[in-house]
Amino acid sequence: MRVYVPLTLPGLAEAYKTGELAGGPLLAYAVTPALREWYLSDDIEELEYAALNRAALASLRLLAADSKATRRRVVVAVDVPDGAATADPDRGLDPSALGEVRVAQAVPLAKAASVHVDAGDAEADVAAAAQALAAADGGDDDAQFTVDGAEDHELLWFATQEIPNLVGLAG
């Protein structure tokens, strides 16, 4: 099963240093029944893209909590065994939890299929979105517009061999 793990660049650097995405449980996003129902598509690529975007929003939340992190969203796509990722049935209908899963064990970074990171030109919009996130969560339409501005930036795809170069962006 492919899961999408939200991180920051410092989080990616730590995973690179330790060789694993530590957790217990590790928050990730995947194509869940609730995500399928919400997205109304049978196209697995579209559904995985939706899960990736959910993880990108979670990465933005991590950035909002870490003012020192470089303002780029980071998502690591990882393959885990079926059954290793579970959705909380109590949160299944919560719109903010669509696609959310928990991976009980730490995942070796070697299991990563790819890494997705904002380009440098997204940093200003991502910084503004991270700052506006709390107000957007509170219902402020202008703040939500700012948060949506970060979503206008597509995450770039990187092969796992490029992680050392990406880690260099964290400093």
# chains A, B, ... in the order shown; residues from 1 in each chain; ligands from 1
$ closest_atom_pairs --of "stretch 67-169 of chain A" --to "stretch 43-52 of chain A" --cutoff "9 Å" --atoms "only C-alpha atoms" --output "Markdown table"
| residue | atom | partner | partner_atom | distance |
| --- | --- | --- | --- | --- |
| A:Val75 | CA | A:Leu52 | CA | 7.3 |
| A:Val76 | CA | A:Leu52 | CA | 9.0 |
| A:Ala77 | CA | A:Leu52 | CA | 8.1 |
| A:Leu98 | CA | A:Ala51 | CA | 8.3 |
| A:Gly99 | CA | A:Ala51 | CA | 6.0 |
| A:Glu100 | CA | A:Ala51 | CA | 8.4 |
| A:His116 | CA | A:Leu52 | CA | 8.8 |
$ write_last_selection --atoms "all heavy atoms" --output "mmCIF file, in the first residue's frame"
data_model
loop_
_atom_site.group_PDB
_atom_site.id
_atom_site.type_symbol
_atom_site.label_atom_id
_atom_site.label_comp_id
_atom_site.auth_asym_id
_atom_site.auth_seq_id
_atom_site.Cartn_x
_atom_site.Cartn_y
_atom_site.Cartn_z
ATOM 1 N N VAL A 75 6.492 15.839 1.145
ATOM 2 C CA VAL A 75 5.714 14.606 1.288
ATOM 3 C C VAL A 75 6.571 13.465 0.764
ATOM 4 O O VAL A 75 7.116 13.549 -0.335
ATOM 5 C CB VAL A 75 4.382 14.673 0.503
ATOM 6 C CG1 VAL A 75 3.643 13.337 0.588
ATOM 7 C CG2 VAL A 75 3.500 15.816 1.016
ATOM 8 N N VAL A 76 6.665 12.402 1.558
ATOM 9 C CA VAL A 76 7.403 11.211 1.142
ATOM 10 C C VAL A 76 6.385 10.122 0.825
ATOM 11 O O VAL A 76 5.538 9.796 1.668
ATOM 12 C CB VAL A 76 8.380 10.728 2.235
ATOM 13 C CG1 VAL A 76 9.115 9.471 1.786
ATOM 14 C CG2 VAL A 76 9.368 11.833 2.578
ATOM 15 N N ALA A 77 6.453 9.588 -0.390
ATOM 16 C CA ALA A 77 5.593 8.466 -0.793
ATOM 17 C C ALA A 77 6.323 7.183 -0.421
ATOM 18 O O ALA A 77 7.466 6.967 -0.836
ATOM 19 C CB ALA A 77 5.321 8.515 -2.291
ATOM 20 N N LEU A 98 -9.965 13.032 5.892
ATOM 21 C CA LEU A 98 -10.086 12.217 4.678
ATOM 22 C C LEU A 98 -8.722 11.695 4.246
ATOM 23 O O LEU A 98 -7.776 12.457 4.091
ATOM 24 C CB LEU A 98 -10.701 13.022 3.534
ATOM 25 C CG LEU A 98 -12.186 13.299 3.661
ATOM 26 C CD1 LEU A 98 -12.617 14.303 2.597
ATOM 27 C CD2 LEU A 98 -12.994 12.026 3.553
ATOM 28 N N GLY A 99 -8.628 10.386 4.105
ATOM 29 C CA GLY A 99 -7.385 9.774 3.661
ATOM 30 C C GLY A 99 -6.367 9.563 4.764
ATOM 31 O O GLY A 99 -5.318 8.972 4.531
ATOM 32 N N GLU A 100 -6.649 10.026 5.964
ATOM 33 C CA GLU A 100 -5.703 9.921 7.061
ATOM 34 C C GLU A 100 -5.577 8.473 7.530
ATOM 35 O O GLU A 100 -6.577 7.790 7.738
ATOM 36 C CB GLU A 100 -6.179 10.795 8.216
ATOM 37 C CG GLU A 100 -5.203 10.925 9.359
ATOM 38 C CD GLU A 100 -5.741 11.839 10.437
ATOM 39 O OE1 GLU A 100 -5.672 13.073 10.259
ATOM 40 O OE2 GLU A 100 -6.266 11.315 11.441
ATOM 41 N N HIS A 116 8.289 14.447 -2.637
ATOM 42 C CA HIS A 116 7.624 15.569 -3.305
ATOM 43 C C HIS A 116 7.855 16.820 -2.465
ATOM 44 O O HIS A 116 7.560 16.827 -1.273
ATOM 45 C CB HIS A 116 6.134 15.263 -3.460
ATOM 46 C CG HIS A 116 5.886 13.954 -4.145
ATOM 47 N ND1 HIS A 116 5.679 13.869 -5.495
ATOM 48 C CD2 HIS A 116 5.870 12.679 -3.677
ATOM 49 C CE1 HIS A 116 5.524 12.594 -5.819
ATOM 50 N NE2 HIS A 116 5.637 11.853 -4.736
#
$ residues_around --residues "stretch 119-136 of chain A" --least-positions-apart "5" --cutoff "6 Å" --atoms "only C-alpha atoms" --output "PyMOL selection string"
chain A and resi 60+64+71-72+143-144+146-147+150
$ write_last_selection --atoms "C-alpha atoms" --output "JSON list (two decimals), in the first residue's frame"
[["chain", "number", "residue", "atom", "x", "y", "z"],
["A", 60, "LEU", "CA", 1.72, 22.89, 5.81],
["A", 64, "ALA", "CA", 2.88, 26.35, 10.85],
["A", 71, "ARG", "CA", 8.93, 27.14, 3.95],
["A", 72, "ARG", "CA", 8.56, 24.19, 1.58],
["A", 143, "ALA", "CA", -7.05, 33.49, 5.31],
["A", 144, "GLN", "CA", -8.48, 30.46, 3.48],
["A", 146, "THR", "CA", -4.12, 32.59, 1.34],
["A", 147, "VAL", "CA", -3.92, 28.92, 2.32],
["A", 150, "ALA", "CA", -0.03, 27.47, -1.47]]
$ residues_around --residues "A:Val117" --least-positions-apart "3" --cutoff "10 Å" --atoms "only C-alpha atoms" --output "PDB file with N, CA, C and O atoms, in the first residue's frame"
ATOM      1  N   LEU A   7       5.985  15.809   5.885  1.00  0.00           N
ATOM      2  CA  LEU A   7       7.187  16.189   6.631  1.00  0.00           C
ATOM      3  C   LEU A   7       7.509  17.652   6.363  1.00  0.00           C
ATOM      4  O   LEU A   7       6.816  18.334   5.612  1.00  0.00           O
ATOM      5  N   THR A   8       8.602  18.085   6.954  1.00  0.00           N
ATOM      6  CA  THR A   8       9.240  19.357   6.635  1.00  0.00           C
ATOM      7  C   THR A   8      10.645  18.991   6.161  1.00  0.00           C
ATOM      8  O   THR A   8      11.067  17.832   6.295  1.00  0.00           O
ATOM      9  N   LEU A   9      11.390  19.942   5.641  1.00  0.00           N
ATOM     10  CA  LEU A   9      12.768  19.634   5.251  1.00  0.00           C
ATOM     11  C   LEU A   9      13.613  19.185   6.451  1.00  0.00           C
ATOM     12  O   LEU A   9      14.371  18.215   6.323  1.00  0.00           O
ATOM     13  N   ALA A  56       0.126  17.076   1.677  1.00  0.00           N
ATOM     14  CA  ALA A  56       0.748  18.399   1.509  1.00  0.00           C
ATOM     15  C   ALA A  56       0.120  19.406   2.468  1.00  0.00           C
ATOM     16  O   ALA A  56       0.835  20.246   3.042  1.00  0.00           O
ATOM     17  N   ARG A  72       8.875  25.077   2.698  1.00  0.00           N
ATOM     18  CA  ARG A  72       8.556  24.192   1.578  1.00  0.00           C
ATOM     19  C   ARG A  72       7.857  22.961   2.135  1.00  0.00           C
ATOM     20  O   ARG A  72       8.336  22.350   3.086  1.00  0.00           O
ATOM     21  N   ARG A  73       6.726  22.633   1.547  1.00  0.00           N
ATOM     22  CA  ARG A  73       6.026  21.424   1.959  1.00  0.00           C
ATOM     23  C   ARG A  73       6.784  20.205   1.443  1.00  0.00           C
ATOM     24  O   ARG A  73       7.351  20.240   0.355  1.00  0.00           O
ATOM     25  N   VAL A  74       6.792  19.143   2.219  1.00  0.00           N
ATOM     26  CA  VAL A  74       7.496  17.910   1.871  1.00  0.00           C
ATOM     27  C   VAL A  74       6.566  16.733   2.118  1.00  0.00           C
ATOM     28  O   VAL A  74       5.933  16.651   3.181  1.00  0.00           O
ATOM     29  N   VAL A  75       6.492  15.839   1.145  1.00  0.00           N
ATOM     30  CA  VAL A  75       5.714  14.606   1.288  1.00  0.00           C
ATOM     31  C   VAL A  75       6.571  13.465   0.764  1.00  0.00           C
ATOM     32  O   VAL A  75       7.116  13.549  -0.335  1.00  0.00           O
ATOM     33  N   VAL A  76       6.665  12.402   1.558  1.00  0.00           N
ATOM     34  CA  VAL A  76       7.403  11.211   1.142  1.00  0.00           C
ATOM     35  C   VAL A  76       6.385  10.122   0.825  1.00  0.00           C
ATOM     36  O   VAL A  76       5.538   9.796   1.668  1.00  0.00           O
ATOM     37  N   GLY A 120      11.462  26.382  -4.998  1.00  0.00           N
ATOM     38  CA  GLY A 120      11.849  27.587  -4.275  1.00  0.00           C
ATOM     39  C   GLY A 120      10.893  28.749  -4.467  1.00  0.00           C
ATOM     40  O   GLY A 120      10.664  29.529  -3.541  1.00  0.00           O
ATOM     41  N   ALA A 122       7.835  28.769  -4.460  1.00  0.00           N
ATOM     42  CA  ALA A 122       6.612  28.605  -3.668  1.00  0.00           C
ATOM     43  C   ALA A 122       6.791  29.096  -2.237  1.00  0.00           C
ATOM     44  O   ALA A 122       5.811  29.255  -1.509  1.00  0.00           O
ATOM     45  N   GLU A 154       2.346  23.165  -7.453  1.00  0.00           N
ATOM     46  CA  GLU A 154       2.484  21.713  -7.534  1.00  0.00           C
ATOM     47  C   GLU A 154       3.775  21.297  -6.849  1.00  0.00           C
ATOM     48  O   GLU A 154       4.812  21.945  -7.020  1.00  0.00           O
ATOM     49  N   LEU A 155       3.710  20.225  -6.087  1.00  0.00           N
ATOM     50  CA  LEU A 155       4.935  19.692  -5.504  1.00  0.00           C
ATOM     51  C   LEU A 155       5.753  19.035  -6.607  1.00  0.00           C
ATOM     52  O   LEU A 155       5.208  18.362  -7.480  1.00  0.00           O
ATOM     53  N   LEU A 156       7.053  19.242  -6.550  1.00  0.00           N
ATOM     54  CA  LEU A 156       7.946  18.634  -7.530  1.00  0.00           C
ATOM     55  C   LEU A 156       8.253  17.202  -7.115  1.00  0.00           C
ATOM     56  O   LEU A 156       8.328  16.891  -5.920  1.00  0.00           O
ATOM     57  N   TRP A 157       8.474  16.332  -8.080  1.00  0.00           N
ATOM     58  CA  TRP A 157       8.785  14.924  -7.835  1.00  0.00           C
ATOM     59  C   TRP A 157      10.298  14.746  -7.817  1.00  0.00           C
ATOM     60  O   TRP A 157      10.995  15.249  -8.696  1.00  0.00           O
ATOM     61  N   PHE A 158      10.794  14.026  -6.815  1.00  0.00           N
ATOM     62  CA  PHE A 158      12.215  13.727  -6.723  1.00  0.00           C
ATOM     63  C   PHE A 158      12.395  12.231  -6.477  1.00  0.00           C
ATOM     64  O   PHE A 158      11.650  11.632  -5.698  1.00  0.00           O
ATOM     65  N   LEU A 166      18.167  17.318  -1.308  1.00  0.00           N
ATOM     66  CA  LEU A 166      17.019  17.979  -0.676  1.00  0.00           C
ATOM     67  C   LEU A 166      17.327  18.322   0.781  1.00  0.00           C
ATOM     68  O   LEU A 166      16.954  19.371   1.273  1.00  0.00           O
TER      69      LEU A 166
END
$ closest_residue --among "A:Glu162, A:Arg54, A:Thr18, A:Asp141" --to "A:Tyr39" --atoms "only C-alpha atoms"
A:Arg54
$ select_by_dssp --residues "stretch 7-140 of chain A" --states "strand (DSSP E)" --output "list in words"
Leu7, Glu20, Leu21, Leu26, Leu27, Ala28, Tyr29, Val74, Val75, Val76, Ala77, Val78, Asp79, Ala85, Thr86, Glu100, Val101, Arg102, Val103, Val107, Pro108, Ala112, Ala113, Ser114, Val115, His116 and Val117 of chain A
$ atom_distance --atom1 "atom CA of A:Asp42" --atom2 "atom CA of A:Ala159"
26.7 Å
